[in-house]
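Engineer: Below is the file data-v7.pdb, which contains PDB, C-alpha atoms and all ligand atoms.
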```
ATOM      1  CA  MET W 290      31.889 -23.684  -0.033
ATOM      2  CA  ASP W 291      35.305 -23.195  -1.497
ATOM      3  CA  LEU W 292      35.314 -19.923  -3.433
ATOM      4  CA  LYS W 293      38.371 -20.893  -5.469
ATOM      5  CA  ASN W 294      37.205 -21.266  -9.094
ATOM      6  CA  ALA W 295      33.540 -20.953  -8.066
ATOM      7  CA  VAL W 296      31.453 -19.316 -10.809
ATOM      8  CA  VAL W 297      29.703 -16.255  -9.364
ATOM      9  CA  LEU W 298      27.216 -13.962 -11.129
ATOM     10  CA  ILE W 299      26.465 -10.604  -9.488
ATOM     11  CA  THR W 300      23.747  -8.293 -10.811
ATOM     12  CA  GLY W 301      24.509  -4.585 -10.516
ATOM     13  CA  GLY W 302      28.239  -5.043 -10.036
ATOM     14  CA  THR W 303      29.329  -1.679 -11.386
ATOM     15  CA  SER W 304      29.135   0.272  -8.139
ATOM     16  CA  GLY W 305      28.477   0.063  -4.430
ATOM     17  CA  ILE W 306      27.806  -3.274  -2.752
ATOM     18  CA  GLY W 307      27.856  -5.355  -5.949
ATOM     19  CA  ARG W 308      31.191  -3.961  -7.024
ATOM     20  CA  ALA W 309      32.762  -4.520  -3.600
ATOM     21  CA  ALA W 310      31.439  -8.094  -3.542
ATOM     22  CA  ALA W 311      32.806  -8.741  -7.041
ATOM     23  CA  GLN W 312      36.226  -7.480  -5.975
ATOM     24  CA  MET W 313      36.329  -9.486  -2.750
ATOM     25  CA  LEU W 314      35.088 -12.738  -4.298
ATOM     26  CA  ALA W 315      37.462 -12.403  -7.275
ATOM     27  CA  GLN W 316      40.347 -11.841  -4.837
ATOM     28  CA  ALA W 317      39.306 -15.072  -3.104
ATOM     29  CA  GLY W 318      39.750 -16.935  -6.404
ATOM     30  CA  ALA W 319      36.169 -16.993  -7.708
ATOM     31  CA  LYS W 320      35.405 -16.582 -11.417
ATOM     32  CA  VAL W 321      33.104 -13.571 -11.376
ATOM     33  CA  ALA W 322      30.694 -11.985 -13.856
ATOM     34  CA  ILE W 323      28.921  -8.697 -13.179
ATOM     35  CA  THR W 324      25.985  -7.025 -14.894
ATOM     36  CA  GLY W 325      24.781  -3.454 -15.222
ATOM     37  CA  ARG W 326      22.811  -1.341 -17.674
ATOM     38  CA  ASP W 327      25.243   1.503 -18.353
ATOM     39  CA  PRO W 328      27.877   0.231 -20.836
ATOM     40  CA  GLN W 329      30.626   2.671 -19.833
ATOM     41  CA  ARG W 330      30.313   2.012 -16.118
ATOM     42  CA  LEU W 331      30.236  -1.697 -16.884
ATOM     43  CA  GLN W 332      33.356  -1.644 -19.004
ATOM     44  CA  GLU W 333      35.255   0.428 -16.451
ATOM     45  CA  ALA W 334      34.264  -1.833 -13.539
ATOM     46  CA  ALA W 335      34.894  -5.102 -15.371
ATOM     47  CA  SER W 336      38.375  -4.090 -16.471
ATOM     48  CA  ALA W 337      39.304  -2.520 -13.116
ATOM     49  CA  LEU W 338      38.249  -5.678 -11.253
ATOM     50  CA  GLY W 339      39.405  -8.197 -13.890
ATOM     51  CA  VAL W 340      35.967  -9.812 -14.110
ATOM     52  CA  VAL W 341      33.551 -10.562 -16.963
ATOM     53  CA  GLY W 342      31.138  -7.692 -17.681
ATOM     54  CA  ILE W 343      27.710  -8.359 -19.184
ATOM     55  CA  GLN W 344      25.573  -5.405 -20.198
ATOM     56  CA  ALA W 345      22.079  -6.405 -19.128
ATOM     57  CA  ASP W 346      18.943  -5.084 -17.474
ATOM     58  CA  VAL W 347      17.517  -7.587 -14.988
ATOM     59  CA  ALA W 348      14.025  -6.350 -15.840
ATOM     60  CA  ASN W 349      14.450  -7.353 -19.496
ATOM     61  CA  GLU W 350      13.770 -11.054 -19.991
ATOM     62  CA  ALA W 351      15.844 -11.346 -23.177
ATOM     63  CA  ASP W 352      18.799  -9.741 -21.366
ATOM     64  CA  VAL W 353      18.380 -12.203 -18.498
ATOM     65  CA  LEU W 354      18.454 -15.230 -20.801
ATOM     66  CA  ARG W 355      21.517 -13.853 -22.627
ATOM     67  CA  THR W 356      23.261 -13.209 -19.291
ATOM     68  CA  PHE W 357      23.049 -16.891 -18.372
ATOM     69  CA  ARG W 358      24.215 -17.979 -21.831
ATOM     70  CA  GLU W 359      27.248 -15.670 -21.570
ATOM     71  CA  VAL W 360      28.142 -16.870 -18.080
ATOM     72  CA  LYS W 361      28.018 -20.494 -19.214
ATOM     73  CA  GLU W 362      30.151 -19.765 -22.300
ATOM     74  CA  LYS W 363      32.736 -17.572 -20.571
ATOM     75  CA  LEU W 364      32.972 -19.055 -17.066
ATOM     76  CA  GLY W 365      31.193 -22.447 -16.944
ATOM     77  CA  ASP W 366      28.495 -23.857 -14.655
ATOM     78  CA  LEU W 367      27.026 -21.362 -12.226
ATOM     79  CA  ASP W 368      27.681 -21.883  -8.498
ATOM     80  CA  VAL W 369      26.447 -18.581  -7.019
ATOM     81  CA  LEU W 370      23.903 -15.949  -8.069
ATOM     82  CA  ILE W 371      23.902 -12.683  -6.111
ATOM     83  CA  ASN W 372      20.786 -10.626  -6.834
ATOM     84  CA  ASN W 373      22.153  -7.231  -5.900
ATOM     85  CA  ALA W 374      20.839  -4.810  -8.560
ATOM     86  CA  GLY W 375      18.299  -2.517  -6.982
ATOM     87  CA  ILE W 376      16.870   0.969  -7.263
ATOM     88  CA  GLY W 377      14.898   3.214  -4.960
ATOM     89  CA  VAL W 378      12.120   5.762  -5.210
ATOM     90  CA  LEU W 379      10.948   7.316  -1.969
ATOM     91  CA  LYS W 380       7.591   9.102  -2.215
ATOM     92  CA  GLU W 381       4.560   9.440  -0.012
ATOM     93  CA  LEU W 382       1.604   7.351  -1.073
ATOM     94  CA  THR W 383      -0.399  10.375  -2.200
ATOM     95  CA  GLU W 384       2.549  11.464  -4.411
ATOM     96  CA  MET W 385       3.214   8.034  -5.909
ATOM     97  CA  ASP W 386       3.011   7.785  -9.681
ATOM     98  CA  ARG W 387       2.454   4.526 -11.488
ATOM     99  CA  ALA W 388       5.644   4.767 -13.595
ATOM    100  CA  SER W 389       7.977   5.111 -10.574
ATOM    101  CA  PHE W 390       6.230   2.330  -8.715
ATOM    102  CA  ASP W 391       6.408  -0.017 -11.715
ATOM    103  CA  GLU W 392      10.064   0.856 -12.342
ATOM    104  CA  VAL W 393      11.091  -0.089  -8.803
ATOM    105  CA  PHE W 394       9.156  -3.350  -8.869
ATOM    106  CA  ALA W 395      10.494  -4.214 -12.350
ATOM    107  CA  THR W 396      14.095  -4.197 -11.091
ATOM    108  CA  ASN W 397      13.748  -5.130  -7.413
ATOM    109  CA  VAL W 398      11.069  -7.837  -7.748
ATOM    110  CA  THR W 399      10.395  -9.001 -11.330
ATOM    111  CA  GLY W 400      14.078  -8.781 -12.261
ATOM    112  CA  VAL W 401      15.121 -10.825  -9.242
ATOM    113  CA  MET W 402      12.460 -13.421 -10.061
ATOM    114  CA  LEU W 403      13.666 -13.739 -13.689
ATOM    115  CA  MET W 404      17.322 -14.069 -12.677
ATOM    116  CA  SER W 405      16.541 -16.535  -9.901
ATOM    117  CA  ARG W 406      14.310 -18.649 -12.123
ATOM    118  CA  GLU W 407      17.147 -19.202 -14.585
ATOM    119  CA  ALA W 408      19.665 -19.865 -11.820
ATOM    120  CA  ALA W 409      17.293 -22.288 -10.088
ATOM    121  CA  LYS W 410      16.990 -24.387 -13.272
ATOM    122  CA  ILE W 411      20.787 -24.794 -13.265
ATOM    123  CA  PHE W 412      20.971 -25.437  -9.523
ATOM    124  CA  LYS W 413      18.209 -28.084  -9.574
ATOM    125  CA  GLU W 414      19.974 -29.895 -12.405
ATOM    126  CA  ARG W 415      23.330 -29.744 -10.589
ATOM    127  CA  LYS W 416      21.742 -30.523  -7.207
ATOM    128  CA  ARG W 417      23.672 -27.681  -5.625
ATOM    129  CA  GLY W 418      23.923 -23.912  -5.709
ATOM    130  CA  ASN W 419      23.821 -20.669  -3.783
ATOM    131  CA  LEU W 420      21.346 -17.823  -4.196
ATOM    132  CA  ILE W 421      21.913 -14.578  -2.298
ATOM    133  CA  ASN W 422      19.267 -11.874  -2.394
ATOM    134  CA  ILE W 423      20.344  -8.425  -1.265
ATOM    135  CA  ALA W 424      17.230  -7.005   0.322
ATOM    136  CA  SER W 425      17.453  -4.325   3.026
ATOM    137  CA  THR W 426      16.340  -3.620   6.536
ATOM    138  CA  ALA W 427      13.501  -1.992   4.529
ATOM    139  CA  SER W 428      12.253  -5.589   4.093
ATOM    140  CA  LEU W 429      11.657  -5.835   7.851
ATOM    141  CA  ARG W 430       9.442  -2.863   8.716
ATOM    142  CA  GLY W 431       7.644  -0.066   6.899
ATOM    143  CA  ALA W 432       8.368   3.660   7.005
ATOM    144  CA  PRO W 433       7.017   6.894   5.521
ATOM    145  CA  LYS W 434       7.713   7.203   1.762
ATOM    146  CA  GLY W 435       8.386   3.459   1.610
ATOM    147  CA  THR W 436       5.520   2.338  -0.638
ATOM    148  CA  ALA W 437       7.639   1.446  -3.678
ATOM    149  CA  TYR W 438      11.072   0.641  -2.228
ATOM    150  CA  TYR W 439      10.072  -0.920   1.092
ATOM    151  CA  GLY W 440       7.172  -2.699  -0.615
ATOM    152  CA  SER W 441       9.567  -4.165  -3.194
ATOM    153  CA  LYS W 442      11.959  -5.393  -0.503
ATOM    154  CA  PHE W 443       9.109  -6.979   1.483
ATOM    155  CA  ALA W 444       8.151  -8.785  -1.732
ATOM    156  CA  LEU W 445      11.748  -9.901  -2.221
ATOM    157  CA  ARG W 446      11.881 -11.242   1.321
ATOM    158  CA  GLY W 447       8.667 -13.183   0.700
ATOM    159  CA  MET W 448       9.915 -14.666  -2.570
ATOM    160  CA  THR W 449      13.164 -15.624  -0.852
ATOM    161  CA  GLU W 450      11.268 -17.693   1.725
ATOM    162  CA  CYS W 451       9.339 -19.470  -1.047
ATOM    163  CA  TRP W 452      12.500 -20.266  -2.999
ATOM    164  CA  ARG W 453      14.210 -21.553   0.127
ATOM    165  CA  ALA W 454      11.277 -23.893   0.730
ATOM    166  CA  GLU W 455      11.384 -25.120  -2.885
ATOM    167  CA  LEU W 456      15.123 -25.451  -3.383
ATOM    168  CA  ARG W 457      16.510 -26.682  -0.094
ATOM    169  CA  LYS W 458      15.939 -30.303  -1.026
ATOM    170  CA  TYR W 459      18.239 -29.789  -4.013
ATOM    171  CA  ASN W 460      21.060 -28.650  -1.683
ATOM    172  CA  VAL W 461      20.547 -25.052  -2.755
ATOM    173  CA  ARG W 462      21.321 -22.493  -0.059
ATOM    174  CA  VAL W 463      19.054 -19.443  -0.324
ATOM    175  CA  PHE W 464      20.255 -16.434   1.668
ATOM    176  CA  LEU W 465      18.734 -13.043   2.402
ATOM    177  CA  VAL W 466      21.113 -10.219   3.329
ATOM    178  CA  ASN W 467      19.588  -7.054   4.795
ATOM    179  CA  PRO W 468      21.985  -4.122   4.893
ATOM    180  CA  SER W 469      20.925  -0.995   6.750
ATOM    181  CA  GLU W 470      22.289   2.312   5.441
ATOM    182  CA  VAL W 471      25.471   1.882   3.364
ATOM    183  CA  ILE W 472      27.464   4.692   1.754
ATOM    184  CA  THR W 473      27.036   4.114  -2.014
ATOM    185  CA  ASP W 474      25.557   5.892  -5.058
ATOM    186  CA  PHE W 475      22.159   4.525  -4.111
ATOM    187  CA  ALA W 476      20.881   7.477  -2.051
ATOM    188  CA  ARG W 477      21.959  10.073  -4.610
ATOM    189  CA  ARG W 478      20.338   8.103  -7.412
ATOM    190  CA  ALA W 479      17.165   7.670  -5.361
ATOM    191  CA  GLY W 480      17.158  11.422  -4.787
ATOM    192  CA  PHE W 481      17.638  11.663  -1.047
ATOM    193  CA  PRO W 482      20.522  13.264   0.880
ATOM    194  CA  GLN W 483      23.083  11.071   2.601
ATOM    195  CA  ILE W 484      25.762  12.209   5.025
ATOM    196  CA  ASP W 485      28.986  10.247   4.675
ATOM    197  CA  ASN W 486      31.080   9.692   7.769
ATOM    198  CA  PRO W 487      33.313   6.919   9.127
ATOM    199  CA  SER W 488      30.648   5.633  11.535
ATOM    200  CA  LYS W 489      28.469   4.396   8.667
ATOM    201  CA  LEU W 490      28.607   1.087   6.818
ATOM    202  CA  GLN W 491      30.689   0.847   3.648
ATOM    203  CA  SER W 492      30.128  -1.505   0.699
ATOM    204  CA  GLU W 493      33.132  -3.570   1.815
ATOM    205  CA  ASP W 494      31.342  -4.415   5.068
ATOM    206  CA  ILE W 495      28.446  -6.016   3.182
ATOM    207  CA  ALA W 496      30.842  -7.731   0.762
ATOM    208  CA  HIS W 497      32.655  -9.183   3.775
ATOM    209  CA  MET W 498      29.402 -10.703   5.082
ATOM    210  CA  ILE W 499      28.477 -12.081   1.635
ATOM    211  CA  LYS W 500      31.858 -13.804   1.443
ATOM    212  CA  ALA W 501      31.496 -15.131   4.988
ATOM    213  CA  VAL W 502      28.066 -16.708   4.466
ATOM    214  CA  LEU W 503      29.215 -18.354   1.247
ATOM    215  CA  GLU W 504      32.403 -19.727   2.802
ATOM    216  CA  MET W 505      30.578 -21.638   5.521
ATOM    217  CA  ASN W 506      30.651 -25.396   4.927
ATOM    218  CA  ASP W 507      27.851 -26.460   2.535
ATOM    219  CA  ARG W 508      26.273 -28.541   5.278
ATOM    220  CA  GLY W 509      24.852 -25.345   6.744
ATOM    221  CA  PHE W 510      23.718 -21.868   5.829
ATOM    222  CA  THR W 511      22.505 -18.567   7.293
ATOM    223  CA  PRO W 512      18.944 -17.980   6.050
ATOM    224  CA  GLU W 513      18.844 -14.312   6.877
ATOM    225  CA  LEU W 514      21.417 -11.802   7.954
ATOM    226  CA  SER W 515      20.861  -8.153   8.883
ATOM    227  CA  VAL W 516      23.837  -5.807   9.010
ATOM    228  CA  PHE W 517      23.795  -2.628  11.094
ATOM    229  CA  ALA W 518      26.333   0.090  11.773
ATOM    230  CA  THR W 519      27.342  -0.078  15.429
ATOM    231  CA  ASN W 520      26.788   3.588  16.272
ATOM    232  CA  PRO W 521      25.962   5.560  13.097
ATOM    233  CA  VAL W 522      26.143   9.309  13.514
ATOM    234  CA  ASP W 523      24.500  11.795  11.146
TER     235      ASP W 523
HETATM  236  N1  LIG W 601      23.071   1.688  -0.048
HETATM  237  C1  LIG W 601      22.245   1.377   0.905
HETATM  238  O1  LIG W 601      22.069   2.105   1.905
HETATM  239  C2  LIG W 601      21.478   0.065   0.833
HETATM  240  C3  LIG W 601      20.864  -0.397   2.002
HETATM  241  C4  LIG W 601      20.147  -1.597   1.965
HETATM  242  C5  LIG W 601      20.062  -2.304   0.779
HETATM  243  N2  LIG W 601      20.657  -1.832  -0.351
HETATM  244  C6  LIG W 601      20.502  -2.633  -1.572
HETATM  245  O2  LIG W 601      21.774  -2.998  -2.052
HETATM  246  C7  LIG W 601      21.718  -3.224  -3.455
HETATM  247  C8  LIG W 601      22.877  -2.498  -4.120
HETATM  248  O3  LIG W 601      22.715  -1.105  -3.919
HETATM  249  P1  LIG W 601      23.926  -0.085  -3.796
HETATM  250  O4  LIG W 601      23.697   0.698  -2.572
HETATM  251  O5  LIG W 601      25.219  -0.761  -4.015
HETATM  252  O6  LIG W 601      23.530   0.888  -5.032
HETATM  253  P2  LIG W 601      24.325   1.460  -6.293
HETATM  254  O7  LIG W 601      25.691   1.898  -5.917
HETATM  255  O8  LIG W 601      23.384   2.433  -6.910
HETATM  256  O9  LIG W 601      24.472   0.185  -7.260
HETATM  257  C9  LIG W 601      23.375  -0.372  -7.937
HETATM  258  C10 LIG W 601      23.891  -1.262  -9.049
HETATM  259  O10 LIG W 601      22.773  -1.916  -9.671
HETATM  260  C11 LIG W 601      22.802  -1.663 -11.074
HETATM  261  N3  LIG W 601      21.422  -1.717 -11.552
HETATM  262  C12 LIG W 601      20.372  -0.951 -11.178
HETATM  263  N4  LIG W 601      19.270  -1.331 -11.830
HETATM  264  C13 LIG W 601      19.615  -2.373 -12.615
HETATM  265  C14 LIG W 601      18.912  -3.198 -13.528
HETATM  266  N5  LIG W 601      17.589  -3.028 -13.795
HETATM  267  N6  LIG W 601      19.579  -4.195 -14.159
HETATM  268  C15 LIG W 601      20.904  -4.380 -13.930
HETATM  269  N7  LIG W 601      21.626  -3.633 -13.091
HETATM  270  C16 LIG W 601      20.979  -2.623 -12.440
HETATM  271  C17 LIG W 601      23.516  -0.319 -11.213
HETATM  272  O11 LIG W 601      24.099  -0.115 -12.489
HETATM  273  P3  LIG W 601      23.271   0.548 -13.739
HETATM  274  O12 LIG W 601      22.460   1.674 -13.160
HETATM  275  O13 LIG W 601      24.292   0.956 -14.732
HETATM  276  O14 LIG W 601      22.396  -0.549 -14.257
HETATM  277  C18 LIG W 601      24.603  -0.502 -10.151
HETATM  278  O15 LIG W 601      25.637  -1.319 -10.656
HETATM  279  C19 LIG W 601      20.321  -2.758  -3.900
HETATM  280  O16 LIG W 601      19.489  -3.876  -4.073
HETATM  281  C20 LIG W 601      19.849  -1.907  -2.733
HETATM  282  O17 LIG W 601      18.439  -1.903  -2.627
HETATM  283  C21 LIG W 601      21.369  -0.670  -0.354
END
```
Translate this structure into structure tokens?

Structural biologist:
Amino acid sequence: MDLKNAVVLITGGTSGIGRAAAQMLAQAGAKVAITGRDPQRLQEAASALGVVGIQADVANEADVLRTFREVKEKLGDLDVLINNAGIGVLKELTEMDRASFDEVFATNVTGVMLMSREAAKIFKERKRGNLINIASTASLRGAPKGTAYYGSKFALRGMTECWRAELRKYNVRVFLVNPSEVITDFARRAGFPQIDNPSKLQSEDIAHMIKAVLEMNDRGFTPELSVFATNPVD
């Protein structure tokens, strides 16, 4: 697709991967809107990047419906939805509490479903569209402490396959992108230590791949893409 003037909505665009993708796609000429829950972070990111900021929680259905109304009013018909917003809780099964588990699934699974449902209505009507789900290599295999986060990303990968099967006949390209470890705020917010060094993936690397899969001619698409650091050193 041609990114020039394409209308792109990115959830969780105030930091990390979403922010880098918003910057790169806007630089390529796309009309970009980002969402996030924290109003100050949202305002700062939107004005720094020169994109539309919409304060919204993907897990809140009223916020989701308002997000799509605002995108239509401010930017026009949606061409690309990037479901990037995600949170992590890493706890052993015997330590898992219901509230943490539900919180992770509300954003990483239910929120993605709500956003994608509204986008899919638009895409089916327009008989074209692009849906990118940012999962993780956590969607590919389990690990200790992965019940909530890895479980949510497995669910996302499963939903992605269903949506691809439903929407392909409407010329909708449904992508799954699986980053491995990327240096962002994510680890700190999820409460686990992360060592930053130049051998590890940066948000820009994932943004680069998002841009690349979108830019391929609409006659084809990359169903699933995993991104690894070549030789990450801790
Ligand atoms: N970093 C990694 O190593 C890594 C690896 C694989 C996959 N991923 C995935 O990549 C995606 C982006 O993560 P990141 O590393 O860039 O993390 P990040 O820097 O923490 O960014 C997360 C973004 O999502 C927003 N967000 C969180 N919950 C939200 C909600 N319910 N509604 C709307 N916005 C919400 C955050 O803003 P607010 O908190 O203000 O809402 C923020 O803008 C996630 O899906 C994550 O699972 C990350």

Engineer: Using only C-alpha atoms and all ligand atoms, what are the residues with an atom within 8 Å of ligand LIG 601 (chain W), set out as a PyMOL selection string?

Structural biologist: chain W and resi 300-308+324-328+330-331+344-349+372-377+395-397+400+423-427+438+442+467-476+478+492

Engineer: Extending 5 Å beyond the listed atoms of segment 358-367 of chain W on each side, what axis-aligned box results? I want centre and edge lengths in Å to one decimal, as AutoDock Vina command-line options.

Structural biologist:
```
--center_x 28.6 --center_y -19.8 --center_z -17.3 --size_x 18.8 --size_y 18.2 --size_z 20.1
```

Engineer: Using only C-alpha atoms for the distances, tell me which of W:Ser441, W:Glu513, W:Thr436, W:Leu429 is nearest to Phe464 of chain W.

Structural biologist: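 Checking each candidate against Phe464 of chain W, we get W:Glu513 as the closest.
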
Engineer: Ranking W:Phe481, W:Ile499, W:Ala437, W:Ala311 by minimum distance to Leu382 of chain W and counting all atoms listed in the file, which one comes first?

Structural biologist: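 Between W:Phe481, W:Ile499, W:Ala437, W:Ala311, the residue approaching Leu382 of chain W most closely is W:Ala437.
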
Engineer: I'd like the neighbourhood of Met505 of chain W as a list in words, where a residue qualifies if any of its atoms comes within 12 Å (using only C-alpha atoms), though same-chain residues fewer than 4 positions away should be ignored.

Structural biologist: Met290, Asp291, Leu292, Asn419, Arg462, Met498, Ile499, Lys500, Ala501, Gly509, Phe510 and Thr511 of chain W

Engineer: Could you give me, as an NGL selection string, the residues within 10 Å of Glu407 of chain W, counting all atoms listed in the file and dropping anything in the same chain fewer than 6 positions from it?

Structural biologist: :W and (353-354 or 356-357 or 370)

Engineer: Residues of the last selection are to be written out with C-alpha atoms, as a PDB file, keeping the file's coordinate frame.

Structural biologist:
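File produced: result-v1.pdb:
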```pdb
ATOM      1  CA  VAL W 353      18.380 -12.203 -18.498  1.00  0.00           C
ATOM      2  CA  LEU W 354      18.454 -15.230 -20.801  1.00  0.00           C
ATOM      3  CA  THR W 356      23.261 -13.209 -19.291  1.00  0.00           C
ATOM      4  CA  PHE W 357      23.049 -16.891 -18.372  1.00  0.00           C
ATOM      5  CA  LEU W 370      23.903 -15.949  -8.069  1.00  0.00           C
TER       6      LEU W 370
END
```

Engineer: Choose the residue, out of W:Thr449, W:Ala295, W:Ile371, W:Lys363, that has the smallest atom-to-atom separation from Ala496 of chain W; count all atoms listed in the file.

Structural biologist: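 Of W:Thr449, W:Ala295, W:Ile371, W:Lys363, the one nearest Ala496 of chain W is W:Ile371, counting all atoms listed in the file.
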
Engineer: With only C-alpha atoms as the basis for distance, which of W:Ala444, W:Val466, W:Val369, W:Ala351 is at the shortest distance from Val393 of chain W?

Structural biologist: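 For Val393 of chain W, the nearest of the candidates is W:Ala444.
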
Engineer: Show which residues sit within 12 Å of Leu364 of chain W, as a list in words. Count only C-alpha atoms, and ignore same-chain residues fewer than 6 positions away.

Structural biologist: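 What passes the distance filter is Asn294, Ala295, Val296, Val297, Leu298, Ala319, Lys320, Val321, Ala322, Ile323, Val340, Val341, Gly342, Thr356, Phe357 and Arg358 of chain W.
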
Engineer: I need the residues from that last selection saved to file as a compact mmCIF listing (two decimals), keeping the file's coordinate frame (with C-alpha atoms), if you can.

Structural biologist:
```
# COMPACT_ATOMS: atom_id res chain seq x y z
CA ASN W 294 37.20 -21.27 -9.09
CA ALA W 295 33.54 -20.95 -8.07
CA VAL W 296 31.45 -19.32 -10.81
CA VAL W 297 29.70 -16.26 -9.36
CA LEU W 298 27.22 -13.96 -11.13
CA ALA W 319 36.17 -16.99 -7.71
CA LYS W 320 35.40 -16.58 -11.42
CA VAL W 321 33.10 -13.57 -11.38
CA ALA W 322 30.69 -11.98 -13.86
CA ILE W 323 28.92 -8.70 -13.18
CA VAL W 340 35.97 -9.81 -14.11
CA VAL W 341 33.55 -10.56 -16.96
CA GLY W 342 31.14 -7.69 -17.68
CA THR W 356 23.26 -13.21 -19.29
CA PHE W 357 23.05 -16.89 -18.37
CA ARG W 358 24.22 -17.98 -21.83
```

Engineer: Identify which of the residues W:Ile411, W:Leu456, W:Ala310, W:Ala388 lies closest to Asp368 of chain W, counting only C-alpha atoms when measuring atom-to-atom distances.

Structural biologist: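 Smallest separation from Asp368 of chain W among the options: W:Ile411.
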
Engineer: Compile the contact shell of Gly339 of chain W as a list in words: residues with an atom at most 9 Å away, counting all atoms listed in the file, same-chain residues fewer than 4 positions apart removed.

Structural biologist: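 Listing them by chain and then by number gives Gln312, Ala315, Val321, Ala334 and Ala335 of chain W.
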
Engineer: One decimal, in Å: what's the spacing between atom CA of Phe517 of chain W and atom CA of Asn486 of chain W?

Structural biologist: 14.7 Å
